[in-house]
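Undergrad: Below is the structure I would like to discuss, written out as structure tokens.
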Amino acid sequence: MDDNEDRPLDPAAALALVASQQDDFERRQARSVPWILLAWGIVWVVGFLALWSIDALRPAFALPAPIAIGIFTGLMVAGVVVSAILGIRMGRGFRSTPAAAFTGKVFGITCSAGFVAVYLLGAALLQHGMPRDVANVLFPVLFILLVALMYVMAGAIWHVKPAVALGTWIAVVALVGAFVGYPHLYLLFALAGGGVFLIGAVVMATWARTGRLKGLNG
Amino acid sequence: MTDLDPVIHAQARLRIVAALATLDEGESITFPRLQELLDMTAGNLSTHLRKLEDADYVVVEKAHAGRTPVTYLALTKRGRRAFEDYTDALRALLEGAP
């Protein structure tokens with residue numbers, strides 16, 4: 001037994017230890033969050049710049065649409081895979097209550113179902129003769145609004161204020177994008193959307209790396 | 001002076017209980033994950049967990065994930081209450097201090 005670990009504490013030191021231990025415990029659990037945000041930052045910046053490059057820089061440069069869409073889709077899939085792997089890693093070793101597991105499951109399914117629903121809505125509107133230039137605005141804006149909503153909801157459910165702020169910001173970006181229109185809404189999404197994920201990654205990395213308990217290794 | 005709960009009022013056990021108190025009621029954590037997040041040695045953690053288990057503050061549940069045995073840990077109701085009483089007592093002591 002370690003005597004050092006068992007020495008009595010004065011009340012102030014004990015309260016301070018409770019606070020720093022609880023803070024440290026949560027920081028350590030959130031260690032993968034900066035990487036998830038970094039992944040999404042790269043996906044948004046590079047993916048939306050690729051879509052922007054289809055038409056925005058003509059006649060000087062034009063990225064062929066199939067290549068741009070391929071880059072965008074590939075990055076989105078990679079983003080989902082990276083977040084899923086890191087998310088599972090962060091949650092490992094924890095067994096939640098049935099109620100919390102239910103919340104998580106409904107949230108996850110709503111997220112995926114929401115994307116399918118937006119896609120189907122768009123397909124239906126195209127069938128009813130929605131012009132291409134309207135579709136070019138509607139699809140990305142609706143998808144991004146859905147992402148924004150899920151961030152806000154996640155923040156509300158799991159009490160993560162930065163997620164509420166991030167979701168709100170993304171919603172504003174999406175709506176501004178709707179007014180900006182094609183093709184420059186993609187530039188906006190790359191910079192104002194992707195940029196905020198990159199800033200978030202730096203902020204979270206700083207938070208996760210500071211204020212660790214020192215000299216308390218058991 | 002109020003007597004502070006001797007089971008909790010020791011650095012290592014206070015850290016364990018404080019960490020477990022951040023879990024929701026009904027939520028539990030495996031031994032290796034708790035060890036990793038607390039940055040304690042396995043021996044030290046199990047020594048103190050045994051004391052907490054003896055006081056009925058922590059419940060240790062052996063489950064199986066496939067063929068591998070997994071040990072889940074959580075505060076009992078009694079443990080959660082003891083932790084709250086303990087922090088209340090600390091605050092009372094500090095307020096009472098000149």
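Here, A, B, ... name the chains of the structure tokens in the order displayed, residue numbers run from 1 inside each chain, and ligands are numbered from 1 in the same displayed order.
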Considering only alpha helix (DSSP H) as DSSP defines it on the backbone, what residues of stretch 16-194 of chain A qualify? List them as a count of residues only.

TA: 146

Undergrad: Sort by chain and increasing residue number a table of all residues of chain B within 10 Å of chain A, each with its closest pair of atoms and their distance in Å to one decimal, counting only C-alpha atoms, and write it as CSV.

TA:
```
residue,atom,partner,partner_atom,distance
B:Leu4,CA,A:Pro11,CA,9.2
B:Pro6,CA,A:Pro8,CA,9.0
B:His9,CA,A:Pro8,CA,6.6
B:Ala10,CA,A:Asp6,CA,4.8
B:Gln11,CA,A:Glu5,CA,5.1
B:Ala12,CA,A:Glu5,CA,5.2
B:Arg13,CA,A:Asp6,CA,8.2
B:Leu14,CA,A:Val18,CA,7.1
B:Arg15,CA,A:Gln21,CA,6.0
B:Ile16,CA,A:Gln21,CA,8.6
B:Val17,CA,A:Val18,CA,8.8
B:Ala18,CA,A:Val18,CA,5.6
B:Ala19,CA,A:Gln22,CA,5.4
B:Leu20,CA,A:Gln22,CA,8.7
B:Ala21,CA,A:Gln22,CA,8.3
B:Thr22,CA,A:Gln22,CA,6.7
B:Leu23,CA,A:Ser96,CA,9.0
B:Asp24,CA,A:Ser96,CA,8.1
B:Glu25,CA,A:Thr97,CA,7.9
B:Gly26,CA,A:Thr97,CA,5.4
B:Glu27,CA,A:Ser96,CA,4.5
B:Ser28,CA,A:Arg95,CA,5.1
B:Ile29,CA,A:Phe94,CA,4.4
B:Thr30,CA,A:Gly93,CA,4.9
B:Phe31,CA,A:Gly93,CA,8.0
B:Pro32,CA,A:Gly93,CA,7.6
B:Arg33,CA,A:Gly93,CA,5.3
B:Leu34,CA,A:Gly93,CA,7.9
B:Gln35,CA,A:Gly218,CA,9.4
B:Glu36,CA,A:Arg28,CA,9.0
B:Leu37,CA,A:Phe25,CA,6.0
B:Leu38,CA,A:Phe25,CA,6.8
B:Asp39,CA,A:Asn217,CA,5.8
B:Met40,CA,A:Gly218,CA,4.0
B:Thr41,CA,A:Gly218,CA,5.5
B:Ala42,CA,A:Gly218,CA,8.8
B:Gly43,CA,A:Met1,CA,8.6
B:Asn44,CA,A:Gly218,CA,6.4
B:Leu45,CA,A:Gly218,CA,7.8
B:Thr47,CA,A:Met1,CA,7.7
B:His48,CA,A:Met1,CA,9.0
B:Val70,CA,A:Gly93,CA,9.2
B:Thr71,CA,A:Gly93,CA,9.6
B:Tyr72,CA,A:Arg95,CA,8.0
B:Leu73,CA,A:Phe94,CA,9.5
B:Ala74,CA,A:Arg95,CA,9.9
B:Tyr86,CA,A:Leu15,CA,9.6
B:Thr87,CA,A:Leu15,CA,6.9
B:Asp88,CA,A:Leu15,CA,9.7
B:Ala89,CA,A:Pro11,CA,8.8
B:Leu90,CA,A:Pro11,CA,5.3
B:Arg91,CA,A:Pro11,CA,7.7
B:Ala92,CA,A:Pro11,CA,9.4
B:Leu93,CA,A:Pro11,CA,7.0
B:Leu94,CA,A:Pro11,CA,6.7
```

Undergrad: Which one of B:Asp3, B:Glu95, B:Ala65, B:Asp56 sits closest to B:Lys77 if you count only C-alpha atoms?

TA: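 Of all the options, B:Asp56 lies closest to B:Lys77.
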
Undergrad: Neighbours of A:Trp52 within 8 Å (only C-alpha atoms; same-chain residues fewer than 4 positions away dropped), as a list of chain:residue names?

TA: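 Here the answer would be A:Phe48, A:Ala56, A:Pro183, A:His184, A:Leu185, A:Tyr186, A:Leu187.
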
Undergrad: For stretch 197-206 of chain A, list every protein, DNA or RNA residue within 6 Å, evaluated using only C-alpha atoms, and leave out those in the same chain fewer than 2 positions away; present the list as a PyMOL selection string.

TA: chain A and resi 34+37-38+41+194-195+208-209

Undergrad: Could you dump the residues just selected with N, CA and C atoms as a short mmCIF file (atom, residue, chain, number, x, y, z; two decimals), in the first residue's frame?

TA:
```
data_model
loop_
_atom_site.label_atom_id
_atom_site.label_comp_id
_atom_site.auth_asym_id
_atom_site.auth_seq_id
_atom_site.Cartn_x
_atom_site.Cartn_y
_atom_site.Cartn_z
N PRO A 34 -10.74 15.90 -30.10
CA PRO A 34 -10.04 16.77 -31.06
C PRO A 34 -9.79 16.08 -32.40
N LEU A 37 -12.97 16.07 -34.46
CA LEU A 37 -13.22 17.41 -35.02
C LEU A 37 -12.23 17.71 -36.14
N LEU A 38 -10.98 17.31 -35.96
CA LEU A 38 -9.98 17.52 -37.00
C LEU A 38 -10.39 16.78 -38.28
N GLY A 41 -13.14 18.62 -39.89
CA GLY A 41 -12.61 19.87 -40.45
C GLY A 41 -11.99 19.62 -41.82
N GLY A 194 -16.01 24.18 -42.32
CA GLY A 194 -14.80 23.40 -42.03
C GLY A 194 -13.90 24.11 -41.04
N GLY A 195 -13.82 25.44 -41.20
CA GLY A 195 -12.96 26.23 -40.32
C GLY A 195 -13.34 26.10 -38.86
N ALA A 208 -8.05 19.31 -23.50
CA ALA A 208 -7.78 17.94 -23.10
C ALA A 208 -6.36 17.75 -22.58
N ARG A 209 -5.46 18.67 -22.94
CA ARG A 209 -4.06 18.49 -22.57
C ARG A 209 -3.63 19.34 -21.38
#
```

Undergrad: For atom CA of A:Ala156 and atom CA of A:Leu75, quote the distance in Å rounded to one decimal.

TA: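 Separation between atom CA of A:Ala156 and atom CA of A:Leu75: 27.6 Å.
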
Undergrad: So the first atom is atom CA of A:Leu49 and the second is atom CA of A:Ala135; what is the distance between them in Å, to one decimal place?

TA: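 Interatomic distance, atom CA of A:Leu49 to atom CA of A:Ala135: 18.4 Å.
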